[in-house]
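**Q** Right, I'll just put the structure down here and ask away after.
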Amino acid sequence: MTLEVAFRHRLSAGFALDVAFEAPPGVTALFGRSGAGKSSVLRAVAGLLRPDEGRIAMAGAPVFDSAAGVDLPPHRRRFGLVFQEPRLFPHLSVLRNLRYGRRALGLPANPAREAEIVEMLGIGALLARRPAGLSGGEAARVAIGRALLAEPRLLMLDEPFAALDAARREEILPWLERLRDHAGLPILFVSHSLPEVARLAARIVLMGEGRVLRAGPAADLLADPEAAEFLGPREAGAVLQGRVGRTAPDGLTEVRLAGGTLHLPGVTAAAGAAIPVRIAASDVILALTPPVGLSALNMLECRVAGLHRGRGPGVMVRLECGGEALLARITARSAEAMGLREGLALTAIVKSVAIGPADLGG
Amino acid sequence: MTLEVAFRHRLSAGFALDVAFEAPPGVTALFGRSGAGKSSVLRAVAGLLRPDEGRIAMAGAPVFDSAAGVDLPPHRRRFGLVFQEPRLFPHLSVLRNLRYGRRALGLPANPAREAEIVEMLGIGALLARRPAGLSGGEAARVAIGRALLAEPRLLMLDEPFAALDAARREEILPWLERLRDHAGLPILFVSHSLPEVARLAARIVLMGEGRVLRAGPAADLLADPEAAEFLGPREAGAVLQGRVGRTAPDGLTEVRLAGGTLHLPGVTAAAGAAIPVRIAASDVILALTPPVGLSALNMLECRVAGLHRGRGPGVMVRLECGGEALLARITARSAEAMGLREGLALTAIVKSVAIGPADLGG
Amino acid sequence: FAAASLAGPLDAASALWEEESGHEAVLSYGGSSTLARQILAGAPADVFLSANAAWMDEVEAAGRIVPGSRRDLWGNALVLVAAAPGALALEDLPSALGGGRLATGLTDSVPAGIYAREALTALGLWDSLAPRLAEADSVRAALAFVALGAAPYGVVYATDAGAEPRVHVVATFPAESHAPITYPGAALTPGAAEAFLAFLETPAARAFFTDAGFTDPPEPAR
Amino acid sequence: MTGAWLGPAEWQAVALSFKVALVAALVSLPFGLAAAYALARGRFPGRDLFSALVHLPLVLPPVVTGYLLLLAFGPEAPAGRALDALGLPLAFRWTGAVLAAAVMAFPLMVRAIRLSLEAVDARLEEAAGTLGAARARIFATVILPLIAPGLLAGWVLAFAKGLGEFGATITFVANIPGETRTIASAIHAFLQAPGGEGAALRLTLVSIALSLAALLASEWLARRVAARIRA
Amino acid sequence: MTGAWLGPAEWQAVALSFKVALVAALVSLPFGLAAAYALARGRFPGRDLFSALVHLPLVLPPVVTGYLLLLAFGPEAPAGRALDALGLPLAFRWTGAVLAAAVMAFPLMVRAIRLSLEAVDARLEEAAGTLGAARARIFATVILPLIAPGLLAGWVLAFAKGLGEFGATITFVANIPGETRTIASAIHAFLQAPGGEGAALRLTLVSIALSLAALLASEWLARRVAARIRA
Ligand SMILES: Nc1ncnc2c1ncn2[C@@H]1O[C@H](COP(=O)(O)OP(=O)(O)OP(=O)(O)O)[C@@H](O)[C@H]1O
Ligand SMILES: Nc1ncnc2c1ncn2[C@@H]1O[C@H](COP(=O)(O)OP(=O)(O)OP(=O)(O)O)[C@@H](O)[C@H]1O
Ligand SMILES: [Mg+2]
Ligand SMILES: [Mg+2]
């Protein structure tokens, strides 16, 4: 159930797409600046844009292959796509919009799942309404629900949370994580929010001007100081493998990493489960000696593995903590004052509440 | 040049607007969950929705007054509105979309300003194109430029950055800040991003279910532990008054606060200027004794002014640092371990790079 | 099938015939040309009552009529009408027209128009009047031009003139100035159709037509 | 507008006209839809020629159209015979009047539907496709509901034209009381015969009333459709 | 389709028809637009009645329409006199033929424009308003360009109808060579006489060619307009 994409397409005299990447089950994020070609790639995968040449295959079976003359129409692909605009059917009620896909596919009604999705999206009060009067965020949520209910073989989400408030995002993200973990389908996810990407995506495809700049596992890309140039230095961070321990009565859960133990709030995974933990480079403070009397609970014993000076006053410090990589972004002045050099042992301080639910998962 | 808004309007059987607030020159943010009524308020101010009753006035002159029977049509109000969707004219090129307002108003062409806005929005390559082929973010940028070029008396922005990448946001935000500081016009700004709101807005109007839940200066609302419930605890923070000092060769600028001096990168304001500095509660670490050998450069001497337990494992600590309020969000476990109580003196540690440009301004 | 101009009296006559014979008469009115074409295309008509001889000739030539059933049933007169009562010598028509137009039927296709052209030609008026005609689709339309004052004079059948109170006959064209105006009839199927034709020639039936202004068919039929 | 001053023959014409216009408008709807779809979306050779053909009844004098129909579907023409054999005789029957009215109204109906089709937002069709809907289903569940205003407008135009059509009808199927004598034919006949103006006027008023009723019904329906989309 | 087999009188009819149809379609465009706007957007009492009035020429047999025109604009009627005094005589003039063609085509034109108007996205008008455009400017710069397909379609329908119109024309302004004898009148006249089919057929072909040209031009223009929006 892996999606393979490799095609070229000339959109206009000045802009051509030339992309190749794979998306195994789980979330693959398409990340890139506005106009990079992300939506166009989704259109090609969905069958709405016919590439000049190339091949797009799902689980080994091509849905498009210019050499073999294969080009399945969108409805035969069964790839769900949540467009950048809601595109709701104006003549149907919200409920009938939601059910459109199931009816078109002849799938039996699934009241339990429908209720669950309606509840998650908070659109229960809108079901009888027509799309015309919906607010921007309401329409976006209905569009998400409509695609989810059609049970596609592949799900594409084009900036699905752009119009949603943070609280609603926090309700949808765990649901998407469950879908990702249990449904075993590839999910292509376009977003301009790196925390969202880091939380959901196992792989990142970094796009620019119609091309794939970099592609690979999210943990590698996010911890790669050189990719930080494309991702934005403020967004760089590392993903570490953690194992969930016991949850104390005060709501903090132990998560054991190779370099130490973190105490995190809001962990929903069961004890014993392996979870990826993302730590943004800008959320890490370095100390030469383990400090005492600090409100920060989470400290990891690390060793400096490298220093990368970027433009501006910042330095990206690559750390090695019990065999795993961690990134810390500090000022050049601090690096000098502390005498940082490769091999130096130190303590990395991470504020527990600085790692919110949006940075868990992976 | 203050906008006064006070009206009631029944949108449907289940939803009514009942709002009253003022927007002086500068940015007033409308913040609230999806479906709270933000866009509807903008529509009423713009003259696209006729309230059942109430009064909307600009600089003392009513543009709508149900009692006096005043209801100016949109074009007589000259209130610019960037809608939640781009709403570009499909039959006009991007350039003619941009110039539409000036031509409609009979304003003379302003090539310098046009070039500046086109440059800021990065739409120079699109000018000859029609809107149909634009990407989501490109269309959103053209819509912003179109409203800006019409030189309105009041500017309303409905989630203008939702479809934009972080890098582009960082190019538009300083520009908006300059507009805010120099043009002296009220700006109503709708956004789901609290960092953006905190950076731009002097005042916040918090909306929920068609009503104003809270309204007031941004510094007060963001530092109010009780408003945190509506804003989201992870987004709470305080705004402090700083004065810009000298910039060192390594790019860090001194910003003096009442409680100490910060060293911040990327400060563009001139030395001597007063700037508001936002410090998010989750970016503050507390220490009983000033730590040494730490990569964090910024420490403020403070005193605990109050402790607010919320739901979950977090505690919001209200601090008083040289007469100004600061918020810190820590775990209940740390608060207990440290023996925090009102009046206790301690050091607040703020990572310099944790205060990026998105948190400066106000 | 019958020419539309026969409508009034024919309705009355056929009602009487239905009463007397017990047969049902279904009448379909139209322009002679339309009806003739339909008959040529195989229309299931039993009787054809035409307003001019030329179309009856066509139908006869196509072998559609029952041999020997054709006969001229009625005649009519051509008159000059005006909106105001009075009398006018035909030769004064060009000057009386002034800047106005003379309403007629189409002079190369509508029967009344053809007769009008023949009459005007015979009277030596055609050349001076030809550019000043207003040719209408039917006699009724020509009559309407005069009745509504659009044209000061018009050339129409006496029957039409008599039924329109807003116009007045100011002159009658001499019968010899144009080909005889006849309404030929023929049976297309044998039997009842022939009986109906015969009935139309009975005095009782004729009375309806004379009341409406029709004359006896001119002798001899062409 | 009571019937007191209309004779039974006139009522017959009214009823017939109503039937002919109604059936013509209904029967031509699917054909009009198909033609409009081909013109709006199709990219086939001869598309412009097809468009010209569709417009023909508008361009030609009705008599010519009627005559052509007579030549094509008359009792002795092959097409006419074939339909007759299939149990659908046209010549000089009310069914022929329906055909004449439908043909004459066809360009109007096609254009109305085509304009609506061209206004359908293709992005909604794309969305339906990604949700698993095949072409036929997209047509039935997205396009058809969205062009309802055009279908209604086309239907009203065809109905109105059906009431008013006369030239092609009388040429094709004559003017036979109870069978093909519609209001328009009757009015025309009354106008041809001396003294028929009064009856013609009465029938004209009935005709106006009928079309007004059809119009009101369609406007009402259109408003309901529009309200469904807006509310 | 060369002219060798058309006599000068026939060529005259062709030229006249072209002129009449062209002028009728052009002159009725602003009125059609106004009526369509009133029907699509207006909320005034009597809107449905006005709609019925606009549809009337479709519902009535053309002869009746022509007769009514004669009543209203004949030389003796006040309206006719007034126009005459203004230097626009209609009776038995080609201008009258233009009026007849325009009136007959009016319902078709109005409906086409109205359908386009109803499809205009009101959100764009709102956007134009907030940018400072007054109603009139919004109409000229947003609505008008967006309904171009409807205007074109309305224009083509009116032109085609203008070529084919005959019943109202001949009843209103007769059939005067060089003045009001259009192709349609000429065809009709030829068909009235036995043996006229050949000439009628030739004129019919010319008529088809003319309308095909108009149609191709309009389709080409419509494609350009659509391309402008899509590209
Ligand atoms: N015409 C209408 N009829 C009924 N309800 C309406 C109408 N217009 C808006 N509403 C409702 O009013 C509420 C407020 O809508 P509004 O668009 O102002 O929300 P918003 O705060 O801008 O939300 P978002 O952040 O999702 O854009 C929504 O619940 C919406 O469904
Ligand atoms: N039909 C077209 N003709 C010409 N250029 C096009 C067309 N469609 C897309 N483009 C261009 O291709 C580029 C990629 O568009 P696309 O919508 O894929 O961008 P995106 O990565 O989704 O951007 P965003 O984040 O703004 O949505 C844009 O510069 C766009 O202008
Ligand atoms: Mg996009
Ligand atoms: Mg909104």
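FYI, nothing fancy with the structure tokens labels: chains A, B, ... in order, residues from 1 per chain, ligands from 1 as they appear.
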Write out, as a tab-separated table, each residue of chain A that has an atom at most 10 Å from chain D, together with the closest pair of atoms and their distance in Å to one decimal, counting only C-alpha atoms, rows going by chain and rising number.
**A**
residue	atom	partner	partner_atom	distance
A:Arg43	CA	D:Glu126	CA	9.6
A:Ala46	CA	D:Thr130	CA	6.7
A:Gly47	CA	D:Thr130	CA	8.2
A:Leu48	CA	D:Glu126	CA	6.8
A:Pro73	CA	D:Gly129	CA	7.9
A:Pro74	CA	D:Gly129	CA	5.3
A:His75	CA	D:Gly132	CA	4.0
A:Arg76	CA	D:Gly132	CA	6.8
A:Arg77	CA	D:Thr130	CA	7.9
A:Arg78	CA	D:Gly132	CA	5.8
A:Phe79	CA	D:Thr130	CA	6.1
A:Gly80	CA	D:Thr130	CA	5.6
A:Leu81	CA	D:Thr130	CA	6.3
A:Val82	CA	D:Ala127	CA	8.5
A:Phe83	CA	D:Ala127	CA	8.0
A:Glu85	CA	D:Arg123	CA	9.7
A:Pro86	CA	D:Ala127	CA	9.4
A:Arg87	CA	D:Leu124	CA	5.9
A:Leu88	CA	D:Leu124	CA	7.2
A:Phe89	CA	D:Leu124	CA	6.6
A:Pro90	CA	D:Ile229	CA	5.5
A:His91	CA	D:Ile229	CA	4.9
A:Leu92	CA	D:Ile229	CA	7.8
A:Ser93	CA	D:Arg228	CA	9.0
A:Asn97	CA	D:Ala128	CA	9.9
A:Arg99	CA	D:Leu131	CA	9.8
A:Tyr100	CA	D:Leu131	CA	7.3
A:Gly101	CA	D:Leu131	CA	4.7
A:Arg102	CA	D:Leu131	CA	8.1
A:Arg103	CA	D:Ala133	CA	8.6
A:Ala104	CA	D:Ala133	CA	5.0
A:Leu105	CA	D:Gly132	CA	5.7
A:Gly106	CA	D:Gly132	CA	9.4
A:Arg129	CA	D:Ala231	CA	7.6
A:Arg130	CA	D:Ala231	CA	6.1
A:Pro131	CA	D:Ile229	CA	7.9
A:Ala132	CA	D:Arg230	CA	5.5
A:Gly133	CA	D:Ala231	CA	6.5
A:Leu134	CA	D:Ala231	CA	9.8
A:Ala143	CA	D:Ala127	CA	9.8
A:Arg146	CA	D:Leu131	CA	8.1
A:Ala147	CA	D:Leu131	CA	6.7
A:Leu148	CA	D:Leu131	CA	9.6
A:Leu149	CA	D:Leu131	CA	9.3
A:Ala150	CA	D:Leu131	CA	6.3
A:Glu151	CA	D:Leu131	CA	9.0
A:Pro152	CA	D:Leu131	CA	8.0
**Q** Write the residues of the preceding selection, restricted to N, CA and C atoms, as a compact mmCIF listing (two decimals), in the first residue's frame.
**A**
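Okay, again.txt is ready:
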# COMPACT_ATOMS: atom_id res chain seq x y z
N ARG A 43 -3.20 17.23 -7.19
CA ARG A 43 -4.15 17.13 -8.31
C ARG A 43 -3.73 16.01 -9.26
N ALA A 46 -4.49 12.70 -7.71
CA ALA A 46 -5.93 12.44 -7.67
C ALA A 46 -6.50 12.13 -9.04
N GLY A 47 -5.75 12.47 -10.10
CA GLY A 47 -6.27 12.24 -11.45
C GLY A 47 -6.97 13.45 -12.03
N LEU A 48 -6.77 14.61 -11.41
CA LEU A 48 -7.41 15.83 -11.92
C LEU A 48 -6.49 16.61 -12.84
N PRO A 73 -9.57 7.38 -14.30
CA PRO A 73 -10.29 8.59 -13.89
C PRO A 73 -10.32 8.67 -12.35
N PRO A 74 -10.54 9.86 -11.82
CA PRO A 74 -10.47 10.04 -10.36
C PRO A 74 -11.31 9.04 -9.58
N HIS A 75 -12.54 8.77 -10.03
CA HIS A 75 -13.39 7.93 -9.20
C HIS A 75 -12.91 6.48 -9.17
N ARG A 76 -12.14 6.07 -10.17
CA ARG A 76 -11.62 4.71 -10.15
C ARG A 76 -10.39 4.60 -9.26
N ARG A 77 -9.75 5.73 -8.98
CA ARG A 77 -8.56 5.69 -8.12
C ARG A 77 -8.93 5.53 -6.65
N ARG A 78 -10.06 6.11 -6.29
CA ARG A 78 -10.49 6.15 -4.88
C ARG A 78 -9.44 6.77 -3.97
N PHE A 79 -8.90 7.90 -4.44
CA PHE A 79 -7.99 8.67 -3.61
C PHE A 79 -8.78 9.86 -3.08
N GLY A 80 -8.91 9.97 -1.78
CA GLY A 80 -9.64 11.11 -1.21
C GLY A 80 -8.78 12.36 -1.21
N LEU A 81 -9.40 13.50 -1.48
CA LEU A 81 -8.64 14.75 -1.52
C LEU A 81 -9.45 15.85 -0.82
N VAL A 82 -8.89 16.40 0.23
CA VAL A 82 -9.48 17.58 0.84
C VAL A 82 -8.79 18.78 0.21
N PHE A 83 -9.55 19.50 -0.62
CA PHE A 83 -8.95 20.60 -1.38
C PHE A 83 -8.60 21.77 -0.47
N GLU A 85 -9.63 24.77 -0.91
CA GLU A 85 -10.90 25.44 -0.64
C GLU A 85 -11.92 24.34 -0.34
N PRO A 86 -12.99 24.67 0.37
CA PRO A 86 -13.89 23.58 0.82
C PRO A 86 -14.58 22.82 -0.33
N ARG A 87 -15.00 23.52 -1.39
CA ARG A 87 -15.68 22.85 -2.52
C ARG A 87 -16.86 22.00 -2.08
N LEU A 88 -17.66 22.51 -1.20
CA LEU A 88 -18.86 21.76 -0.81
C LEU A 88 -19.92 21.89 -1.90
N PHE A 89 -20.80 20.90 -1.97
CA PHE A 89 -21.88 20.95 -2.95
C PHE A 89 -22.95 21.90 -2.42
N PRO A 90 -23.19 23.02 -3.11
CA PRO A 90 -24.06 24.05 -2.52
C PRO A 90 -25.52 23.61 -2.44
N HIS A 91 -25.91 22.64 -3.24
CA HIS A 91 -27.32 22.27 -3.29
C HIS A 91 -27.65 21.15 -2.31
N LEU A 92 -26.64 20.64 -1.62
CA LEU A 92 -26.89 19.55 -0.68
C LEU A 92 -26.69 20.04 0.75
N SER A 93 -27.43 19.47 1.66
CA SER A 93 -27.23 19.81 3.06
C SER A 93 -25.86 19.31 3.51
N ASN A 97 -23.75 16.27 2.02
CA ASN A 97 -22.36 16.44 1.58
C ASN A 97 -21.49 15.36 2.22
N ARG A 99 -22.27 12.48 3.30
CA ARG A 99 -22.57 11.11 2.85
C ARG A 99 -22.34 10.90 1.36
N TYR A 100 -21.98 11.99 0.66
CA TYR A 100 -21.90 11.90 -0.79
C TYR A 100 -21.00 10.75 -1.26
N GLY A 101 -19.82 10.67 -0.69
CA GLY A 101 -18.87 9.66 -1.13
C GLY A 101 -19.37 8.24 -0.93
N ARG A 102 -19.90 7.99 0.25
CA ARG A 102 -20.39 6.62 0.53
C ARG A 102 -21.48 6.24 -0.45
N ARG A 103 -22.39 7.19 -0.73
CA ARG A 103 -23.48 6.86 -1.66
C ARG A 103 -22.95 6.63 -3.06
N ALA A 104 -21.99 7.47 -3.46
CA ALA A 104 -21.43 7.33 -4.80
C ALA A 104 -20.74 5.99 -4.95
N LEU A 105 -20.12 5.52 -3.89
CA LEU A 105 -19.38 4.27 -3.95
C LEU A 105 -20.25 3.07 -3.63
N GLY A 106 -21.49 3.33 -3.25
CA GLY A 106 -22.36 2.22 -2.89
C GLY A 106 -21.96 1.56 -1.59
N ARG A 129 -28.00 22.18 7.63
CA ARG A 129 -27.82 23.43 6.90
C ARG A 129 -27.22 23.23 5.53
N ARG A 130 -27.39 24.27 4.68
CA ARG A 130 -26.72 24.28 3.38
C ARG A 130 -25.36 24.94 3.55
N PRO A 131 -24.41 24.61 2.67
CA PRO A 131 -23.07 25.16 2.82
C PRO A 131 -23.01 26.69 2.75
N ALA A 132 -23.96 27.33 2.06
CA ALA A 132 -23.79 28.77 1.79
C ALA A 132 -23.59 29.61 3.04
N GLY A 133 -24.26 29.28 4.12
CA GLY A 133 -24.16 30.14 5.31
C GLY A 133 -23.04 29.76 6.27
N LEU A 134 -22.28 28.72 5.94
CA LEU A 134 -21.26 28.27 6.89
C LEU A 134 -20.10 29.25 6.98
N ALA A 143 -15.65 19.70 4.81
CA ALA A 143 -14.88 19.12 3.69
C ALA A 143 -13.99 17.98 4.20
N ARG A 146 -16.24 15.00 4.84
CA ARG A 146 -16.72 14.40 3.60
C ARG A 146 -15.69 13.45 3.02
N ALA A 147 -14.42 13.86 3.03
CA ALA A 147 -13.38 12.99 2.48
C ALA A 147 -13.15 11.77 3.37
N LEU A 148 -13.17 11.99 4.68
CA LEU A 148 -12.89 10.87 5.59
C LEU A 148 -13.97 9.79 5.48
N LEU A 149 -15.23 10.24 5.36
CA LEU A 149 -16.32 9.27 5.34
C LEU A 149 -16.34 8.41 4.09
N ALA A 150 -15.66 8.86 3.03
CA ALA A 150 -15.67 8.08 1.78
C ALA A 150 -14.70 6.91 1.85
N GLU A 151 -13.97 6.80 2.95
CA GLU A 151 -13.03 5.70 3.12
C GLU A 151 -12.15 5.46 1.92
N PRO A 152 -11.30 6.44 1.62
CA PRO A 152 -10.42 6.31 0.44
C PRO A 152 -9.25 5.38 0.72
**Q** Counting only C-alpha atoms and all ligand atoms, which protein, DNA or RNA residues come within 6 Å of ligand 4, given as number ranges by chain?
**A** A: 135-136; B: 38-39
**Q** Report as a list of chain:residue names the set of chain A residues whose atoms approach chain B to within 6 Å, with distances computed over only C-alpha atoms.
**A**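 Residues of chain A within 6 Å of chain B, counting only C-alpha atoms: A:Arg33, A:Ser34, A:Gly35, A:Ser135, A:Gly137, A:Ala162, A:Asp165, A:His192, A:Asp250, A:Gly251, A:Ser282, A:Ile285, A:Leu286, A:Ala287, A:Leu288, A:Gly293, A:Leu294, A:Ser295, A:Pro313, A:Ser334, A:Ala354.
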**Q** Give me a file of those residues, with C-alpha atoms, as a PDB file, in the first residue's frame.
**A**
ATOM      1  CA  ARG A  33       6.598  27.758   0.102  1.00  0.00           C
ATOM      2  CA  SER A  34       3.473  29.134  -1.492  1.00  0.00           C
ATOM      3  CA  GLY A  35       3.554  28.377  -5.205  1.00  0.00           C
ATOM      4  CA  SER A 135     -18.254  30.111   8.277  1.00  0.00           C
ATOM      5  CA  GLY A 137     -13.781  27.071   9.418  1.00  0.00           C
ATOM      6  CA  ALA A 162      -5.516  26.618   7.851  1.00  0.00           C
ATOM      7  CA  ASP A 165      -8.637  27.499  15.625  1.00  0.00           C
ATOM      8  CA  HIS A 192       2.676  25.420   6.341  1.00  0.00           C
ATOM      9  CA  ASP A 250      -0.342  14.865  38.981  1.00  0.00           C
ATOM     10  CA  GLY A 251      -0.892  14.079  35.270  1.00  0.00           C
ATOM     11  CA  SER A 282      14.723  26.548  20.047  1.00  0.00           C
ATOM     12  CA  ILE A 285      18.690  25.300  26.862  1.00  0.00           C
ATOM     13  CA  LEU A 286      22.218  24.045  27.463  1.00  0.00           C
ATOM     14  CA  ALA A 287      23.950  23.989  30.876  1.00  0.00           C
ATOM     15  CA  LEU A 288      27.566  23.088  31.613  1.00  0.00           C
ATOM     16  CA  GLY A 293      16.246  24.605  41.895  1.00  0.00           C
ATOM     17  CA  LEU A 294      14.851  24.955  38.367  1.00  0.00           C
ATOM     18  CA  SER A 295      11.227  24.694  37.307  1.00  0.00           C
ATOM     19  CA  PRO A 313      23.393  35.576  15.522  1.00  0.00           C
ATOM     20  CA  SER A 334      26.459  31.880  24.516  1.00  0.00           C
ATOM     21  CA  ALA A 354       7.211  23.376  26.127  1.00  0.00           C
TER      22      ALA A 354
END
**Q** Only residues of chain D matter here; which ones have an atom within 6 Å of chain E, counting only C-alpha atoms? Give them as a list in words.
**A**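 Taking only C-alpha atoms into account, Ala52, Leu58, Val59, Leu60, Pro61, Ala160, Lys161, Leu163, Gly164, Ala184 and Leu212 of chain D sit within 6 Å of chain E.
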**Q** Please list as a ChimeraX atom specification every residue within 10 Å of segment 146-154 of chain C, counting only C-alpha atoms and excluding residues in the same chain fewer than 2 positions away.
**A** /C:79-84,93,96-105,116,133-135,139,141-144,156-157,161,164-170 /E:67,70-77,91-92,172-173
**Q** Which parts of segment 144-224 of chain E does DSSP call alpha helix (DSSP H) when run on the backbone here, written out as a count of residues only?
**A** 65
**Q** Define the interface residues of chain C facing chain D as those within 9 Å, counting only C-alpha atoms, and report them as number ranges by chain.
**A** C: 1, 4-8, 26-30, 34-35, 37-38, 41-44, 138-141, 159-164
**Q** Write down as a list in words the residues of segment 19-62 of chain B whose backbone DSSP state falls under strand (DSSP E).
**A**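 Selecting the strand (DSSP E) positions of segment 19-62 of chain B gives Val19, Ala20, Phe21, Glu22, Ala23, Gly26, Val27, Thr28, Ala29, Leu30, Phe31, Gly32, Glu53, Gly54, Arg55, Ile56, Ala57, Met58, Ala61 and Pro62 of chain B.
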**Q** Quick one: distance from atom CA of Arg180 of chain A to atom CA of Pro25 of chain A in Å, one decimal?
**A**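 One can read the atom CA of Arg180 of chain A to atom CA of Pro25 of chain A distance as 7.6 Å.
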**Q** Atom CA of Val205 of chain B and atom CA of Leu257 of chain B, how far apart in Å?
**A**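 Going from atom CA of Leu257 of chain B over to atom CA of Val205 of chain B, I get 26.8 Å.
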**Q** I'd like the neighbourhood of Pro24 of chain B as a PyMOL selection string, where a residue qualifies if any of its atoms comes within 10 Å (using only C-alpha atoms), though same-chain residues fewer than 5 positions away should be ignored.
**A** chain B and resi 1-4+58-59+184-188+202-203
**Q** Could you dump the residues just selected with C-alpha atoms as a CSV table (one decimal), in the first residue's frame?
**A**
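For reference, again-v3.csv as written:
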chain,number,residue,atom,x,y,z
B,1,MET,CA,-10.2,57.9,13.6
B,2,THR,CA,-11.6,55.4,16.0
B,3,LEU,CA,-14.1,52.8,14.9
B,4,GLU,CA,-17.1,52.3,17.2
B,58,MET,CA,-15.9,55.9,12.2
B,59,ALA,CA,-14.2,59.0,13.7
B,184,GLY,CA,-2.8,55.9,11.8
B,185,LEU,CA,-5.8,53.9,10.6
B,186,PRO,CA,-7.7,51.3,12.6
B,187,ILE,CA,-6.9,47.7,11.5
B,188,LEU,CA,-9.3,44.8,12.4
B,202,ALA,CA,-2.7,46.5,20.7
B,203,ARG,CA,-6.2,45.5,21.5
**Q** Just to confirm, what's the straight-line distance from atom CA of Ala270 of chain B to atom CA of Glu301 of chain B in Å (one decimal)?
**A**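 Spanning atom CA of Ala270 of chain B to atom CA of Glu301 of chain B is a straight-line distance of 25.9 Å.
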